[in-house]
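Enquirer: Supplied in structure tokens, the structure appears directly below.
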Amino acid sequence: MSQGKKALSGKVALVTGSTSGIGLGIARSLAGAGADLLLNGFGDPAAIETLRAGLADEFGIRVGYSGADMSKASQIAAMAVEAEASMGGIDILVNNAGIQFVAPIEDFPDDRWDAIIAINLSAVFHGMKAVIPGMKKKGWGRIINIASAHGLVASGQKAAYVAAKHGVLGLTKVAAIELANAGVTANAICPGWVLTPLVEKQLEARAQHDGISVEAAAKAFLAEKQPMAQFSTPEALGELAVFLCSDAAKTMTGVPLSMDGGWVAQ
Ligand code: NAD
């Protein structure tokens with residue numbers, strides 16, 4: 001079904017980690033603005049195919065899928081080559097895939113440190129490296145890196161995550177400077193709490209540890225970090241991503257944009 005010309009019609013957006021949570025919300029918003037999608041992320045193959053076909057039908061766009069593992073540089077590079085052949089390149093890169101693990105530094109397992117740095121930080125570098133030449137050739141591109149409130153401030157127990165997200169903000173600024181006159185912007189979005197599987201796991205662990213309900217754990221999480229006692233949504237973050245892709249945002253670059261219920265205002 002054709003939906004006519006929209007703001008992002010003709011653009012191709014790769015959203016890493018878009019089989020779930022924030023990535024899926026951002027993919028849906030970009031699709032709503034007319035962009036074709038290249039989905040990525042893990043999950044049940046049949047469920048992913050249902051998601052892919054459903055988005056194509058709902059929004060009248062082309063939707064591809066790559067199962068590339070964001071912890072592997074070679075798979076990220078191969079995904080970009082494949083996207084060039086199958087979709088005509090990547091115009092919008094949303095580096096969103098991410099994982100979490102919580103433990104104090106002295107107990108933090110080395111393999112969890114390596115995995116978080118690989119997926120939450122190094123994949124952002126490898127993804128940008130793979131798509132920047134194509135964006136420069138077209139003279140247009142948008143890079144949106146999903147950082148976190150933890151890119152700006154720290155919490156205990158999250159050494160790898162906080163280090164990776166602070167790194168993402170630095171990397172975003174470098175890209176913004178290098179691409180300033182290439183028609184390509186690079187910005188970061190810094191969400192506070194968003195109720196996704198990544199956070200649900202932390203809520204369940206907290207509920208179990210404290211002997212409280214998951215609802216009570218959610219209230220406690222919000223109260224500890226955010227003046228505003230509500231979660232941000234993947235849909236709202238998606239609308240922010242659409243704005244960053246708009247012409248109005250063409251001189252906005254190198255910026256960490258918080259949507260965090262006041263978390264880092266304190
Ligand atoms: P989620 O667990 O719902 O989704 C993560 C996505 O990444 C999934 O699609 C998963 O399949 C994919 N993924 C994980 N490892 C991968 C790998 N090696 N290769 C490819 N894909 C992989 O999590 P979410 O909450 O939607 O998180 C998305 C991003 O938002 C992350 O970067 C996270 O750090 C960030 N973030 C989340 C919150 C929050 O409160 N949920 C807050 C701030 C920032």
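Ligands are numbered from 1 in the order shown, chains are lettered A, B, ... in the order of the structure tokens, and residues start at 1 in each chain.
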Please list as a ChimeraX atom specification every residue within 12 Å of Glu84 in chain A, counting only C-alpha atoms and excluding residues in the same chain fewer than 2 positions away.

Expert: /A:12-14,38,64,77-82,86-91,130-131,133-135

Enquirer: Which residues are near ligand 1 in this structure, taking near to mean any atom at most 7 Å from a ligand atom and counting only C-alpha atoms and all ligand atoms? Format them as a VMD selection string.

Expert: chain A and resid 16 to 23 40 to 43 67 to 71 96 to 100 119 to 120 146 to 149 190 to 199

Enquirer: In Å, how far is it from CA of Ala160 in chain A to CA of Ile117 in chain A?

Expert: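 Separation of CA of Ala160 in chain A and CA of Ile117 in chain A: 6.5 Å.
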
Enquirer: As number ranges by chain, please: the residues near Cys245 in chain A (cut-off 12 Å, only C-alpha atoms, same-chain neighbours under 3 positions excluded).

Expert: A: 7-9, 11-13, 26, 29-30, 33-35, 91-94, 140-144, 183-187, 238-242, 248-253

Enquirer: So, counting only C-alpha atoms, which residue among A:Ser232, A:Asn95, A:Ser258, A:Gln157 is closest to Pro109 in chain A?

Expert: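 Closest to Pro109 in chain A, using only C-alpha atoms: A:Gln157.
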
Enquirer: Would you mind reading off the distance between CA of Gly156 in chain A and CA of Trp263 in chain A, one decimal, in Å?

Expert: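 Value for the CA of Gly156 in chain A-CA of Trp263 in chain A distance: 15.2 Å.
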
Enquirer: Let's see if you can do this: from backbone DSSP, list all alpha helix (DSSP H) residues in range 202-253 of chain A, as an MDAnalysis selection string.

Expert: chainID A and resid 202:210 214:225 234:244

Enquirer: Given the selection you just returned, output its residues as a file containing N, CA and C atoms, formatted as a compact mmCIF listing (two decimals), in the first residue's frame.

Expert:
# COMPACT_ATOMS: atom_id res chain seq x y z
N GLN A 202 16.02 -5.59 35.22
CA GLN A 202 16.55 -4.94 36.43
C GLN A 202 15.47 -4.79 37.50
N LEU A 203 14.24 -4.52 37.04
CA LEU A 203 13.12 -4.38 37.99
C LEU A 203 12.85 -5.71 38.69
N GLU A 204 12.86 -6.78 37.89
CA GLU A 204 12.59 -8.11 38.48
C GLU A 204 13.67 -8.48 39.49
N ALA A 205 14.93 -8.16 39.15
CA ALA A 205 16.03 -8.48 40.07
C ALA A 205 15.87 -7.69 41.37
N ARG A 206 15.50 -6.43 41.26
CA ARG A 206 15.32 -5.57 42.43
C ARG A 206 14.15 -6.07 43.28
N ALA A 207 13.04 -6.44 42.60
CA ALA A 207 11.85 -6.91 43.31
C ALA A 207 12.19 -8.16 44.12
N GLN A 208 12.94 -9.05 43.47
CA GLN A 208 13.32 -10.30 44.13
C GLN A 208 14.26 -10.03 45.31
N HIS A 209 15.24 -9.17 45.08
CA HIS A 209 16.25 -8.86 46.10
C HIS A 209 15.60 -8.21 47.33
N ASP A 210 14.65 -7.27 47.09
CA ASP A 210 14.05 -6.53 48.19
C ASP A 210 12.76 -7.17 48.72
N VAL A 214 7.04 -6.03 41.49
CA VAL A 214 7.71 -5.36 40.36
C VAL A 214 7.22 -3.92 40.25
N GLU A 215 5.93 -3.68 40.53
CA GLU A 215 5.36 -2.32 40.49
C GLU A 215 6.06 -1.43 41.53
N ALA A 216 6.26 -1.99 42.72
CA ALA A 216 6.94 -1.21 43.78
C ALA A 216 8.39 -0.94 43.39
N ALA A 217 9.02 -1.92 42.73
CA ALA A 217 10.41 -1.73 42.28
C ALA A 217 10.46 -0.63 41.22
N ALA A 218 9.46 -0.60 40.34
CA ALA A 218 9.42 0.44 39.30
C ALA A 218 9.31 1.82 39.93
N LYS A 219 8.44 1.93 40.94
CA LYS A 219 8.27 3.22 41.63
C LYS A 219 9.58 3.65 42.29
N ALA A 220 10.26 2.66 42.89
CA ALA A 220 11.53 2.96 43.58
C ALA A 220 12.59 3.41 42.57
N PHE A 221 12.68 2.72 41.44
CA PHE A 221 13.66 3.08 40.40
C PHE A 221 13.46 4.54 39.99
N LEU A 222 12.20 4.89 39.71
CA LEU A 222 11.91 6.24 39.24
C LEU A 222 12.25 7.26 40.33
N ALA A 223 11.82 6.96 41.55
CA ALA A 223 12.02 7.92 42.65
C ALA A 223 13.51 8.16 42.93
N GLU A 224 14.33 7.12 42.75
CA GLU A 224 15.75 7.27 43.05
C GLU A 224 16.49 8.14 42.04
N LYS A 225 16.01 8.18 40.80
CA LYS A 225 16.78 8.85 39.74
C LYS A 225 16.10 10.04 39.09
N PRO A 234 9.31 4.54 24.17
CA PRO A 234 10.01 4.36 22.89
C PRO A 234 9.40 5.23 21.79
N GLU A 235 8.08 5.45 21.85
CA GLU A 235 7.40 6.25 20.82
C GLU A 235 7.88 7.71 20.88
N ALA A 236 7.98 8.25 22.09
CA ALA A 236 8.41 9.65 22.24
C ALA A 236 9.87 9.80 21.79
N LEU A 237 10.70 8.82 22.11
CA LEU A 237 12.09 8.86 21.67
C LEU A 237 12.15 8.77 20.14
N GLY A 238 11.22 8.02 19.58
CA GLY A 238 11.13 7.91 18.12
C GLY A 238 10.82 9.25 17.48
N GLU A 239 9.92 10.01 18.11
CA GLU A 239 9.58 11.33 17.56
C GLU A 239 10.77 12.27 17.62
N LEU A 240 11.58 12.14 18.68
CA LEU A 240 12.80 12.96 18.78
C LEU A 240 13.77 12.59 17.65
N ALA A 241 13.86 11.30 17.36
CA ALA A 241 14.74 10.84 16.26
C ALA A 241 14.26 11.40 14.93
N VAL A 242 12.94 11.42 14.73
CA VAL A 242 12.39 11.97 13.48
C VAL A 242 12.76 13.45 13.37
N PHE A 243 12.66 14.17 14.49
CA PHE A 243 13.03 15.59 14.45
C PHE A 243 14.50 15.76 14.05
N LEU A 244 15.37 14.90 14.60
CA LEU A 244 16.80 15.00 14.27
C LEU A 244 17.07 14.75 12.79

Enquirer: Set the distance at 10 Å and use only C-alpha atoms: which residues neighbour range 50-55 of chain A once local chain neighbours fewer than 4 positions away are removed? I'd like the list as a VMD selection string.

Expert: chain A and resid 19 24 27 to 28 31 to 32 36 to 39 45 to 46 59 to 65

Enquirer: Can you write just those residues out, C-alpha atoms, as an mmCIF file, in the first residue's frame?

Expert:
data_model
loop_
_atom_site.group_PDB
_atom_site.id
_atom_site.type_symbol
_atom_site.label_atom_id
_atom_site.label_comp_id
_atom_site.auth_asym_id
_atom_site.auth_seq_id
_atom_site.Cartn_x
_atom_site.Cartn_y
_atom_site.Cartn_z
ATOM 1 C CA THR A 19 13.592 -6.080 17.341
ATOM 2 C CA LEU A 24 11.581 -0.742 17.667
ATOM 3 C CA ALA A 27 12.042 2.290 13.762
ATOM 4 C CA ARG A 28 8.241 2.707 13.870
ATOM 5 C CA ALA A 31 8.705 4.394 9.168
ATOM 6 C CA GLY A 32 5.766 6.661 9.995
ATOM 7 C CA ASP A 36 12.518 2.527 4.517
ATOM 8 C CA LEU A 37 13.950 0.366 7.292
ATOM 9 C CA LEU A 38 16.751 -2.070 7.821
ATOM 10 C CA LEU A 39 15.940 -3.841 11.057
ATOM 11 C CA PRO A 45 13.243 -15.781 13.379
ATOM 12 C CA ALA A 46 9.514 -16.307 12.762
ATOM 13 C CA PHE A 59 3.677 1.856 6.545
ATOM 14 C CA GLY A 60 3.919 0.990 2.827
ATOM 15 C CA ILE A 61 7.734 0.957 2.938
ATOM 16 C CA ARG A 62 10.597 -1.443 2.166
ATOM 17 C CA VAL A 63 11.774 -3.263 5.283
ATOM 18 C CA GLY A 64 14.874 -5.452 5.348
ATOM 19 C CA TYR A 65 16.415 -7.350 8.233
#

Enquirer: Any idea what's packed within 8 Å of His166 in chain A, counting only C-alpha atoms, ignoring anything in its chain fewer than 2 positions away? Could you give it as a list of chain:residue names?

Expert: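 Those residues are A:Ala147, A:His150, A:Gly151, A:Leu152, A:Val162, A:Ala163, A:Ala164, A:Val168, A:Leu169, A:Gly170.
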